[in-house]
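Structure file my_file-v1.tsv with TSV, N, CA and C atoms:
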```tsv
chain	number	residue	atom	x	y	z
A	1487	MET	N	-41.56	37.37	16.29
A	1487	MET	CA	-41.08	37.20	14.93
A	1487	MET	C	-42.21	37.39	13.91
A	1488	VAL	N	-43.41	36.94	14.25
A	1488	VAL	CA	-44.55	37.11	13.35
A	1488	VAL	C	-44.76	38.59	13.07
A	1489	GLU	N	-44.73	39.39	14.12
A	1489	GLU	CA	-44.96	40.82	13.97
A	1489	GLU	C	-43.87	41.48	13.14
A	1490	LEU	N	-42.63	41.08	13.35
A	1490	LEU	CA	-41.51	41.66	12.60
A	1490	LEU	C	-41.62	41.32	11.11
A	1491	MET	N	-41.88	40.06	10.81
A	1491	MET	CA	-42.04	39.66	9.41
A	1491	MET	C	-43.22	40.38	8.77
A	1492	SER	N	-44.32	40.49	9.51
A	1492	SER	CA	-45.49	41.20	8.99
A	1492	SER	C	-45.16	42.65	8.68
A	1493	ALA	N	-44.42	43.30	9.59
A	1493	ALA	CA	-44.04	44.70	9.39
A	1493	ALA	C	-43.15	44.86	8.17
A	1494	VAL	N	-42.17	43.99	8.01
A	1494	VAL	CA	-41.26	44.05	6.86
A	1494	VAL	C	-42.05	43.91	5.57
A	1495	LEU	N	-42.92	42.92	5.50
A	1495	LEU	CA	-43.66	42.67	4.27
A	1495	LEU	C	-44.70	43.77	4.00
A	1496	THR	N	-45.30	44.30	5.06
A	1496	THR	CA	-46.24	45.42	4.90
A	1496	THR	C	-45.51	46.64	4.36
A	1497	ASP	N	-44.31	46.91	4.90
A	1497	ASP	CA	-43.51	48.04	4.41
A	1497	ASP	C	-43.15	47.88	2.93
A	1498	LEU	N	-43.06	46.65	2.47
A	1498	LEU	CA	-42.77	46.39	1.06
A	1498	LEU	C	-44.01	46.48	0.18
A	1499	GLY	N	-45.18	46.69	0.80
A	1499	GLY	CA	-46.41	46.87	0.04
A	1499	GLY	C	-47.32	45.66	-0.03
A	1500	TYR	N	-46.98	44.59	0.68
A	1500	TYR	CA	-47.82	43.39	0.67
A	1500	TYR	C	-48.94	43.50	1.70
A	1501	GLN	N	-50.06	42.88	1.42
A	1501	GLN	CA	-51.12	42.69	2.42
A	1501	GLN	C	-50.77	41.42	3.17
A	1502	VAL	N	-50.73	41.48	4.49
A	1502	VAL	CA	-50.29	40.35	5.29
A	1502	VAL	C	-51.34	39.98	6.32
A	1503	ALA	N	-51.63	38.71	6.42
A	1503	ALA	CA	-52.44	38.15	7.50
A	1503	ALA	C	-51.54	37.19	8.25
A	1504	SER	N	-51.59	37.19	9.57
A	1504	SER	CA	-50.68	36.32	10.32
A	1504	SER	C	-51.40	35.55	11.40
A	1505	ALA	N	-50.79	34.46	11.81
A	1505	ALA	CA	-51.30	33.61	12.89
A	1505	ALA	C	-50.10	32.98	13.58
A	1506	HIS	N	-50.26	32.67	14.86
A	1506	HIS	CA	-49.17	32.07	15.62
A	1506	HIS	C	-49.21	30.55	15.64
A	1507	LYS	N	-50.28	29.97	15.11
A	1507	LYS	CA	-50.40	28.51	15.03
A	1507	LYS	C	-50.99	28.12	13.69
A	1508	VAL	N	-50.59	26.97	13.21
A	1508	VAL	CA	-51.11	26.48	11.93
A	1508	VAL	C	-52.62	26.36	11.98
A	1509	GLU	N	-53.13	25.84	13.08
A	1509	GLU	CA	-54.58	25.63	13.18
A	1509	GLU	C	-55.34	26.94	12.96
A	1510	ALA	N	-54.85	28.03	13.52
A	1510	ALA	CA	-55.51	29.33	13.33
A	1510	ALA	C	-55.37	29.80	11.88
A	1511	ALA	N	-54.23	29.54	11.28
A	1511	ALA	CA	-53.99	29.96	9.90
A	1511	ALA	C	-54.90	29.23	8.91
A	1512	LEU	N	-55.29	28.02	9.25
A	1512	LEU	CA	-56.11	27.22	8.33
A	1512	LEU	C	-57.60	27.57	8.37
A	1513	ILE	N	-58.00	28.36	9.35
A	1513	ILE	CA	-59.41	28.77	9.43
A	1513	ILE	C	-59.75	29.61	8.20
A	1514	ASN	N	-60.74	29.21	7.46
A	1514	ASN	CA	-61.18	29.89	6.24
A	1514	ASN	C	-60.10	29.99	5.17
A	1515	PHE	N	-59.10	29.14	5.24
A	1515	PHE	CA	-57.97	29.21	4.33
A	1515	PHE	C	-58.39	29.14	2.86
A	1516	GLU	N	-59.26	28.21	2.53
A	1516	GLU	CA	-59.66	28.04	1.13
A	1516	GLU	C	-60.44	29.24	0.60
A	1517	GLN	N	-61.25	29.86	1.43
A	1517	GLN	CA	-62.06	30.99	0.99
A	1517	GLN	C	-61.24	32.26	0.82
A	1518	LEU	N	-60.14	32.40	1.56
A	1518	LEU	CA	-59.39	33.65	1.56
A	1518	LEU	C	-58.40	33.77	0.40
A	1519	ARG	N	-58.09	32.71	-0.26
A	1519	ARG	CA	-57.29	32.72	-1.48
A	1519	ARG	C	-55.97	33.48	-1.35
A	1520	TYR	N	-55.12	33.02	-0.51
A	1520	TYR	CA	-53.80	33.63	-0.33
A	1520	TYR	C	-52.90	33.32	-1.51
A	1521	ASP	N	-51.93	34.20	-1.72
A	1521	ASP	CA	-50.96	34.02	-2.80
A	1521	ASP	C	-49.69	33.34	-2.33
A	1522	LEU	N	-49.45	33.32	-1.02
A	1522	LEU	CA	-48.21	32.79	-0.48
A	1522	LEU	C	-48.40	32.46	0.99
A	1523	VAL	N	-47.72	31.41	1.44
A	1523	VAL	CA	-47.68	31.05	2.86
A	1523	VAL	C	-46.23	31.03	3.30
A	1524	ILE	N	-45.96	31.61	4.46
A	1524	ILE	CA	-44.64	31.54	5.08
A	1524	ILE	C	-44.84	30.85	6.42
A	1525	THR	N	-44.09	29.78	6.68
A	1525	THR	CA	-44.26	29.06	7.93
A	1525	THR	C	-42.92	28.67	8.55
A	1526	ASP	N	-42.89	28.70	9.85
A	1526	ASP	CA	-41.77	28.12	10.59
A	1526	ASP	C	-42.06	26.63	10.67
A	1527	LEU	N	-41.05	25.82	10.77
A	1527	LEU	CA	-41.27	24.38	10.82
A	1527	LEU	C	-41.60	23.85	12.21
A	1528	PHE	N	-41.06	24.46	13.23
A	1528	PHE	CA	-41.24	23.93	14.58
A	1528	PHE	C	-41.99	24.93	15.44
A	1529	MET	N	-43.18	24.53	15.86
A	1529	MET	CA	-44.03	25.38	16.70
A	1529	MET	C	-45.02	24.50	17.45
A	1530	ASP	N	-45.70	25.10	18.39
A	1530	ASP	CA	-46.72	24.37	19.14
A	1530	ASP	C	-47.86	23.99	18.22
A	1531	GLY	N	-48.58	22.96	18.62
A	1531	GLY	CA	-49.73	22.54	17.83
A	1531	GLY	C	-49.31	21.69	16.65
A	1532	MET	N	-49.98	21.87	15.54
A	1532	MET	CA	-49.78	21.05	14.35
A	1532	MET	C	-48.33	21.13	13.84
A	1533	GLY	N	-47.74	22.29	13.83
A	1533	GLY	CA	-46.38	22.44	13.34
A	1533	GLY	C	-46.32	22.66	11.84
A	1534	GLY	N	-45.20	23.21	11.40
A	1534	GLY	CA	-45.06	23.58	10.00
A	1534	GLY	C	-45.00	22.42	9.02
A	1535	ILE	N	-44.39	21.32	9.43
A	1535	ILE	CA	-44.30	20.16	8.52
A	1535	ILE	C	-45.71	19.65	8.20
A	1536	GLU	N	-46.51	19.43	9.24
A	1536	GLU	CA	-47.89	19.00	9.01
A	1536	GLU	C	-48.68	20.08	8.29
A	1537	GLY	N	-48.41	21.34	8.62
A	1537	GLY	CA	-49.10	22.45	7.98
A	1537	GLY	C	-48.85	22.50	6.49
A	1538	ILE	N	-47.60	22.27	6.09
A	1538	ILE	CA	-47.27	22.26	4.66
A	1538	ILE	C	-48.06	21.16	3.94
A	1539	ALA	N	-48.13	20.00	4.55
A	1539	ALA	CA	-48.89	18.89	3.95
A	1539	ALA	C	-50.38	19.24	3.87
A	1540	GLU	N	-50.91	19.84	4.91
A	1540	GLU	CA	-52.34	20.21	4.93
A	1540	GLU	C	-52.64	21.28	3.88
A	1541	ILE	N	-51.79	22.27	3.80
A	1541	ILE	CA	-51.98	23.32	2.79
A	1541	ILE	C	-51.93	22.72	1.38
A	1542	GLY	N	-51.00	21.82	1.17
A	1542	GLY	CA	-50.90	21.15	-0.13
A	1542	GLY	C	-52.16	20.39	-0.49
A	1543	SER	N	-52.82	19.82	0.52
A	1543	SER	CA	-54.06	19.11	0.24
A	1543	SER	C	-55.22	20.08	-0.05
A	1544	LEU	N	-55.14	21.29	0.47
A	1544	LEU	CA	-56.19	22.30	0.24
A	1544	LEU	C	-55.96	23.09	-1.04
A	1545	ASN	N	-54.68	23.35	-1.35
A	1545	ASN	CA	-54.35	24.15	-2.52
A	1545	ASN	C	-52.94	23.78	-2.96
A	1546	LYS	N	-52.83	22.90	-3.92
A	1546	LYS	CA	-51.52	22.41	-4.35
A	1546	LYS	C	-50.72	23.46	-5.10
A	1547	ASP	N	-51.34	24.56	-5.52
A	1547	ASP	CA	-50.66	25.57	-6.31
A	1547	ASP	C	-50.07	26.73	-5.49
A	1548	ILE	N	-50.42	26.83	-4.21
A	1548	ILE	CA	-49.94	27.96	-3.42
A	1548	ILE	C	-48.47	27.77	-3.05
A	1549	PRO	N	-47.64	28.77	-3.30
A	1549	PRO	CA	-46.24	28.65	-2.90
A	1549	PRO	C	-46.09	28.77	-1.38
A	1550	ILE	N	-45.14	28.03	-0.85
A	1550	ILE	CA	-44.89	28.00	0.59
A	1550	ILE	C	-43.40	28.23	0.82
A	1551	ILE	N	-43.09	29.20	1.69
A	1551	ILE	CA	-41.72	29.43	2.14
A	1551	ILE	C	-41.63	28.88	3.55
A	1552	ALA	N	-40.72	27.94	3.76
A	1552	ALA	CA	-40.48	27.36	5.09
A	1552	ALA	C	-39.24	27.99	5.70
A	1553	THR	N	-39.32	28.34	6.99
A	1553	THR	CA	-38.18	28.89	7.71
A	1553	THR	C	-37.87	28.00	8.90
A	1554	SER	N	-36.61	27.99	9.32
A	1554	SER	CA	-36.25	27.22	10.50
A	1554	SER	C	-34.84	27.58	10.96
A	1555	ALA	N	-34.66	27.49	12.27
A	1555	ALA	CA	-33.32	27.59	12.86
A	1555	ALA	C	-32.90	26.21	13.35
A	1556	GLY	N	-33.64	25.19	12.95
A	1556	GLY	CA	-33.38	23.84	13.42
A	1556	GLY	C	-34.14	23.57	14.70
A	1557	PHE	N	-33.93	22.37	15.24
A	1557	PHE	CA	-34.64	22.00	16.46
A	1557	PHE	C	-33.82	20.95	17.19
A	1558	LYS	N	-33.53	21.21	18.43
A	1558	LYS	CA	-32.71	20.31	19.25
A	1558	LYS	C	-31.44	19.96	18.49
A	1559	ASP	N	-31.23	18.70	18.13
A	1559	ASP	CA	-30.01	18.29	17.44
A	1559	ASP	C	-30.13	18.36	15.92
A	1560	MET	N	-31.27	18.80	15.42
A	1560	MET	CA	-31.47	18.85	13.97
A	1560	MET	C	-31.05	20.23	13.44
A	1561	PRO	N	-30.05	20.29	12.56
A	1561	PRO	CA	-29.65	21.57	11.99
A	1561	PRO	C	-30.72	22.11	11.04
A	1562	PRO	N	-30.76	23.43	10.83
A	1562	PRO	CA	-31.79	23.99	9.96
A	1562	PRO	C	-31.76	23.42	8.54
A	1563	GLU	N	-30.59	23.12	8.03
A	1563	GLU	CA	-30.50	22.60	6.66
A	1563	GLU	C	-31.26	21.29	6.51
A	1564	LYS	N	-31.15	20.42	7.49
A	1564	LYS	CA	-31.84	19.12	7.43
A	1564	LYS	C	-33.35	19.31	7.56
A	1565	ALA	N	-33.76	20.19	8.47
A	1565	ALA	CA	-35.19	20.46	8.65
A	1565	ALA	C	-35.79	21.06	7.38
A	1566	LEU	N	-35.08	21.99	6.79
A	1566	LEU	CA	-35.59	22.65	5.59
A	1566	LEU	C	-35.61	21.73	4.38
A	1567	LEU	N	-34.67	20.80	4.31
A	1567	LEU	CA	-34.68	19.79	3.25
A	1567	LEU	C	-35.94	18.94	3.36
A	1568	ALA	N	-36.30	18.57	4.59
A	1568	ALA	CA	-37.54	17.80	4.80
A	1568	ALA	C	-38.75	18.61	4.35
A	1569	ALA	N	-38.76	19.90	4.67
A	1569	ALA	CA	-39.88	20.76	4.26
A	1569	ALA	C	-39.99	20.81	2.75
A	1570	ASN	N	-38.87	20.93	2.08
A	1570	ASN	CA	-38.85	20.98	0.63
A	1570	ASN	C	-39.39	19.69	0.04
A	1571	LYS	N	-39.04	18.57	0.63
A	1571	LYS	CA	-39.51	17.27	0.13
A	1571	LYS	C	-41.01	17.09	0.26
A	1572	ILE	N	-41.62	17.71	1.28
A	1572	ILE	CA	-43.07	17.53	1.44
A	1572	ILE	C	-43.90	18.62	0.78
A	1573	GLY	N	-43.23	19.60	0.15
A	1573	GLY	CA	-44.02	20.56	-0.61
A	1573	GLY	C	-43.66	22.02	-0.48
A	1574	ALA	N	-42.70	22.38	0.36
A	1574	ALA	CA	-42.31	23.80	0.43
A	1574	ALA	C	-41.68	24.21	-0.88
A	1575	THR	N	-42.07	25.35	-1.39
A	1575	THR	CA	-41.55	25.88	-2.64
A	1575	THR	C	-40.12	26.38	-2.47
A	1576	ALA	N	-39.87	27.00	-1.31
A	1576	ALA	CA	-38.56	27.58	-1.02
A	1576	ALA	C	-38.30	27.48	0.47
A	1577	VAL	N	-37.04	27.57	0.84
A	1577	VAL	CA	-36.66	27.51	2.26
A	1577	VAL	C	-35.78	28.71	2.59
A	1578	LEU	N	-35.90	29.19	3.82
A	1578	LEU	CA	-35.16	30.35	4.28
A	1578	LEU	C	-34.64	30.06	5.68
A	1579	PRO	N	-33.35	29.69	5.78
A	1579	PRO	CA	-32.81	29.38	7.11
A	1579	PRO	C	-32.73	30.62	7.98
A	1580	LYS	N	-32.99	30.44	9.26
A	1580	LYS	CA	-32.85	31.53	10.23
A	1580	LYS	C	-31.45	31.50	10.81
A	1581	PRO	N	-30.92	32.62	11.16
A	1581	PRO	CA	-31.53	33.95	11.05
A	1581	PRO	C	-31.44	34.47	9.60
A	1582	PHE	N	-32.36	35.36	9.26
A	1582	PHE	CA	-32.34	36.00	7.95
A	1582	PHE	C	-32.63	37.49	8.14
A	1583	THR	N	-32.21	38.28	7.18
A	1583	THR	CA	-32.41	39.72	7.26
A	1583	THR	C	-33.75	40.11	6.62
A	1584	PRO	N	-34.24	41.30	6.91
A	1584	PRO	CA	-35.44	41.77	6.21
A	1584	PRO	C	-35.26	41.78	4.69
A	1585	ASP	N	-34.07	42.15	4.22
A	1585	ASP	CA	-33.82	42.15	2.78
A	1585	ASP	C	-33.90	40.74	2.20
A	1586	GLU	N	-33.35	39.76	2.91
A	1586	GLU	CA	-33.41	38.38	2.44
A	1586	GLU	C	-34.86	37.90	2.38
A	1587	LEU	N	-35.65	38.25	3.38
A	1587	LEU	CA	-37.07	37.89	3.37
A	1587	LEU	C	-37.77	38.52	2.17
A	1588	GLY	N	-37.56	39.81	1.97
A	1588	GLY	CA	-38.19	40.50	0.84
A	1588	GLY	C	-37.80	39.92	-0.50
A	1589	ARG	N	-36.52	39.61	-0.68
A	1589	ARG	CA	-36.06	39.01	-1.94
A	1589	ARG	C	-36.67	37.64	-2.16
A	1590	MET	N	-36.74	36.85	-1.09
A	1590	MET	CA	-37.30	35.50	-1.21
A	1590	MET	C	-38.78	35.57	-1.60
A	1591	VAL	N	-39.53	36.45	-0.96
A	1591	VAL	CA	-40.96	36.59	-1.27
A	1591	VAL	C	-41.14	37.01	-2.73
A	1592	THR	N	-40.39	38.01	-3.15
A	1592	THR	CA	-40.48	38.48	-4.53
A	1592	THR	C	-40.13	37.37	-5.52
A	1593	GLU	N	-39.07	36.63	-5.21
A	1593	GLU	CA	-38.64	35.52	-6.09
A	1593	GLU	C	-39.72	34.44	-6.18
A	1594	VAL	N	-40.26	34.05	-5.03
A	1594	VAL	CA	-41.26	32.98	-5.01
A	1594	VAL	C	-42.54	33.41	-5.72
A	1595	LEU	N	-42.86	34.68	-5.63
A	1595	LEU	CA	-44.06	35.18	-6.31
A	1595	LEU	C	-43.80	35.52	-7.78
A	1596	GLY	N	-42.66	35.13	-8.28
A	1596	GLY	CA	-42.36	35.32	-9.69
A	1596	GLY	C	-42.06	36.76	-10.06
A	1597	GLY	N	-41.48	37.50	-9.13
A	1597	GLY	CA	-41.09	38.87	-9.41
A	1597	GLY	C	-42.15	39.90	-9.07
A	1598	LYS	N	-43.33	39.46	-8.60
A	1598	LYS	CA	-44.36	40.42	-8.20
A	1598	LYS	C	-43.86	41.19	-6.98
A	1599	ALA	N	-43.79	42.49	-7.08
A	1599	ALA	CA	-43.20	43.28	-6.00
A	1599	ALA	C	-44.16	43.60	-4.87
A	1600	ALA	N	-45.45	43.64	-5.10
A	1600	ALA	CA	-46.36	43.97	-4.00
A	1600	ALA	C	-47.80	43.66	-4.34
A	1601	SER	N	-48.65	43.75	-3.35
A	1601	SER	CA	-50.11	43.65	-3.36
A	1601	SER	C	-50.72	42.28	-3.16
A	1602	PRO	N	-50.00	41.16	-3.23
A	1602	PRO	CA	-50.66	39.90	-2.93
A	1602	PRO	C	-50.96	39.76	-1.44
A	1603	LYS	N	-51.95	38.94	-1.13
A	1603	LYS	CA	-52.23	38.61	0.26
A	1603	LYS	C	-51.33	37.46	0.67
A	1604	ILE	N	-50.68	37.59	1.81
A	1604	ILE	CA	-49.75	36.57	2.29
A	1604	ILE	C	-50.24	36.07	3.63
A	1605	ARG	N	-50.22	34.77	3.83
A	1605	ARG	CA	-50.57	34.19	5.13
A	1605	ARG	C	-49.28	33.70	5.76
A	1606	SER	N	-48.93	34.20	6.92
A	1606	SER	CA	-47.72	33.73	7.59
A	1606	SER	C	-48.05	33.28	8.99
A	1607	TRP	N	-47.34	32.28	9.46
A	1607	TRP	CA	-47.47	31.90	10.85
A	1607	TRP	C	-46.15	31.40	11.35
A	1608	ARG	N	-45.82	31.78	12.55
A	1608	ARG	CA	-44.58	31.34	13.19
A	1608	ARG	C	-44.76	31.46	14.68
A	1609	PRO	N	-44.10	30.62	15.42
A	1609	PRO	CA	-44.16	30.76	16.86
A	1609	PRO	C	-43.39	32.00	17.28
A	1610	GLN	N	-43.71	32.54	18.45
A	1610	GLN	CA	-43.04	33.76	18.86
A	1610	GLN	C	-41.56	33.55	19.09
A	1611	ASP	N	-41.16	32.62	19.91
A	1611	ASP	CA	-39.73	32.40	20.16
A	1611	ASP	C	-39.46	30.92	20.43
A	1612	HIS	N	-40.21	30.04	19.84
A	1612	HIS	CA	-40.06	28.61	20.09
A	1612	HIS	C	-39.08	27.94	19.16
A	1613	SER	N	-38.53	28.68	18.21
A	1613	SER	CA	-37.71	28.05	17.18
A	1613	SER	C	-36.22	27.99	17.52
A	1614	ARG	N	-35.82	28.59	18.58
A	1614	ARG	CA	-34.40	28.56	18.94
A	1614	ARG	C	-34.21	27.86	20.23
```
Reformat the file's structure so that it appears as structure tokens.
Amino acid sequence: MVELMSAVLTDLGYQVASAHKVEAALINFEQLRYDLVITDLFMDGMGGIEGIAEIGSLNKDIPIIATSAGFKDMPPEKALLAANKIGATAVLPKPFTPDELGRMVTEVLGGKAASPKIRSWRPQDHSR
């Protein structure tokens, strides 16, 4: 999924950096000055919920898009509501289309169509 999202956003003209774990995404995070973070909520390691809180402590102004298909008995709507409460700017329930991803990114970036650096991380197939 990381590769697919990266390809979609690259095709739209964005510069994309990706990682499969929050811990890897946070390496040099402050120095790299990303314009947007996209994270899945449920993954190995720190996870998206903790990641959103950590990113907020490093840069309270960076927009964050949280994605989820839910987890075990938790529906995606409930998981994404929790993400929104802890600091996610926007939520995108899975499954979503490439067009929905592109529209959400453009909307969150205030209509900027391309060129920002985006940091995304998601587990490969742990979300379903």
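Assigned to strand (DSSP E) in chain A, given DSSP computed from backbone atoms, are Gln1501, Val1502, Ala1503, Ser1504, Ala1505, Leu1522, Val1523, Ile1524, Thr1525, Asp1526, Ile1550, Ile1551, Ala1552, Thr1553, Ser1554, Ala1576, Val1577, Leu1578, Pro1579, Lys1603, Ile1604, Arg1605, Ser1606 and Trp1607 of chain A.
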Next item on the list: Find the residues around Glu1540 of chain A up to 12 Å (only C-alpha atoms counted), leave out those fewer than 6 positions away in its own chain, and share them as a list of chain:residue names.
Entry: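 After dropping sequence-adjacent residues, the list is A:Val1508, A:Glu1509, A:Ala1511, A:Leu1512, A:Ile1513, A:Phe1515, A:Glu1516, A:Val1523, A:Met1532, A:Gly1533, A:Gly1534, A:Lys1546, A:Ile1548, A:Ile1550, A:Ile1572, A:Gly1573, A:Ala1574.
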Go ahead and dump the residues you just picked, N, CA and C atoms, as a PDB file, in the coordinates of the input.
```pdb
ATOM      1  N   VAL A1508     -50.590  26.970  13.210  1.00  0.00           N
ATOM      2  CA  VAL A1508     -51.110  26.480  11.930  1.00  0.00           C
ATOM      3  C   VAL A1508     -52.620  26.360  11.980  1.00  0.00           C
ATOM      4  N   GLU A1509     -53.130  25.840  13.080  1.00  0.00           N
ATOM      5  CA  GLU A1509     -54.580  25.630  13.180  1.00  0.00           C
ATOM      6  C   GLU A1509     -55.340  26.940  12.960  1.00  0.00           C
ATOM      7  N   ALA A1511     -54.230  29.540  11.280  1.00  0.00           N
ATOM      8  CA  ALA A1511     -53.990  29.960   9.900  1.00  0.00           C
ATOM      9  C   ALA A1511     -54.900  29.230   8.910  1.00  0.00           C
ATOM     10  N   LEU A1512     -55.290  28.020   9.250  1.00  0.00           N
ATOM     11  CA  LEU A1512     -56.110  27.220   8.330  1.00  0.00           C
ATOM     12  C   LEU A1512     -57.600  27.570   8.370  1.00  0.00           C
ATOM     13  N   ILE A1513     -58.000  28.360   9.350  1.00  0.00           N
ATOM     14  CA  ILE A1513     -59.410  28.770   9.430  1.00  0.00           C
ATOM     15  C   ILE A1513     -59.750  29.610   8.200  1.00  0.00           C
ATOM     16  N   PHE A1515     -59.100  29.140   5.240  1.00  0.00           N
ATOM     17  CA  PHE A1515     -57.970  29.210   4.330  1.00  0.00           C
ATOM     18  C   PHE A1515     -58.390  29.140   2.860  1.00  0.00           C
ATOM     19  N   GLU A1516     -59.260  28.210   2.530  1.00  0.00           N
ATOM     20  CA  GLU A1516     -59.660  28.040   1.130  1.00  0.00           C
ATOM     21  C   GLU A1516     -60.440  29.240   0.600  1.00  0.00           C
ATOM     22  N   VAL A1523     -47.720  31.410   1.440  1.00  0.00           N
ATOM     23  CA  VAL A1523     -47.680  31.050   2.860  1.00  0.00           C
ATOM     24  C   VAL A1523     -46.230  31.030   3.300  1.00  0.00           C
ATOM     25  N   MET A1532     -49.980  21.870  15.540  1.00  0.00           N
ATOM     26  CA  MET A1532     -49.780  21.050  14.350  1.00  0.00           C
ATOM     27  C   MET A1532     -48.330  21.130  13.840  1.00  0.00           C
ATOM     28  N   GLY A1533     -47.740  22.290  13.830  1.00  0.00           N
ATOM     29  CA  GLY A1533     -46.380  22.440  13.340  1.00  0.00           C
ATOM     30  C   GLY A1533     -46.320  22.660  11.840  1.00  0.00           C
ATOM     31  N   GLY A1534     -45.200  23.210  11.400  1.00  0.00           N
ATOM     32  CA  GLY A1534     -45.060  23.580  10.000  1.00  0.00           C
ATOM     33  C   GLY A1534     -45.000  22.420   9.020  1.00  0.00           C
ATOM     34  N   LYS A1546     -52.830  22.900  -3.920  1.00  0.00           N
ATOM     35  CA  LYS A1546     -51.520  22.410  -4.350  1.00  0.00           C
ATOM     36  C   LYS A1546     -50.720  23.460  -5.100  1.00  0.00           C
ATOM     37  N   ILE A1548     -50.420  26.830  -4.210  1.00  0.00           N
ATOM     38  CA  ILE A1548     -49.940  27.960  -3.420  1.00  0.00           C
ATOM     39  C   ILE A1548     -48.470  27.770  -3.050  1.00  0.00           C
ATOM     40  N   ILE A1550     -45.140  28.030  -0.850  1.00  0.00           N
ATOM     41  CA  ILE A1550     -44.890  28.000   0.590  1.00  0.00           C
ATOM     42  C   ILE A1550     -43.400  28.230   0.820  1.00  0.00           C
ATOM     43  N   ILE A1572     -41.620  17.710   1.280  1.00  0.00           N
ATOM     44  CA  ILE A1572     -43.070  17.530   1.440  1.00  0.00           C
ATOM     45  C   ILE A1572     -43.900  18.620   0.780  1.00  0.00           C
ATOM     46  N   GLY A1573     -43.230  19.600   0.150  1.00  0.00           N
ATOM     47  CA  GLY A1573     -44.020  20.560  -0.610  1.00  0.00           C
ATOM     48  C   GLY A1573     -43.660  22.020  -0.480  1.00  0.00           C
ATOM     49  N   ALA A1574     -42.700  22.380   0.360  1.00  0.00           N
ATOM     50  CA  ALA A1574     -42.310  23.800   0.430  1.00  0.00           C
ATOM     51  C   ALA A1574     -41.680  24.210  -0.880  1.00  0.00           C
TER      52      ALA A1574
END
```
Margin query: I need the residues in segment 1490-1565 of chain A that are alpha helix (DSSP H) according to DSSP; give them as an MDAnalysis selection string.
Written below: chainID A and resid 1490:1497 1508:1511 1515:1518 1534:1544 1562:1565
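Every protein or nucleic acid residue with an atom no more than 6 Å from segment 1552-1563 of chain A, counting all atoms listed in the file and leaving out same-chain residues fewer than 3 positions away, appears here: Ile1524, Thr1525, Asp1526, Leu1527, Leu1566, Leu1567, Ala1574, Thr1575, Ala1576, Val1577, Leu1578, Pro1579, Lys1580, Pro1581 and Ser1613 of chain A.
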Checklist line | Distance in Å - atom CA of Leu1498 of chain A versus atom CA of Phe1582 of chain A | finding: 16.3 Å
Next item on the list: Report the distance between atom CA of Leu1490 of chain A and atom CA of Val1594 of chain A in Å, rounded to one decimal place.
Entry: 19.6 Å
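Interatomic distance, atom CA of Glu1593 of chain A to atom N of Lys1507 of chain A: 24.8 Å.
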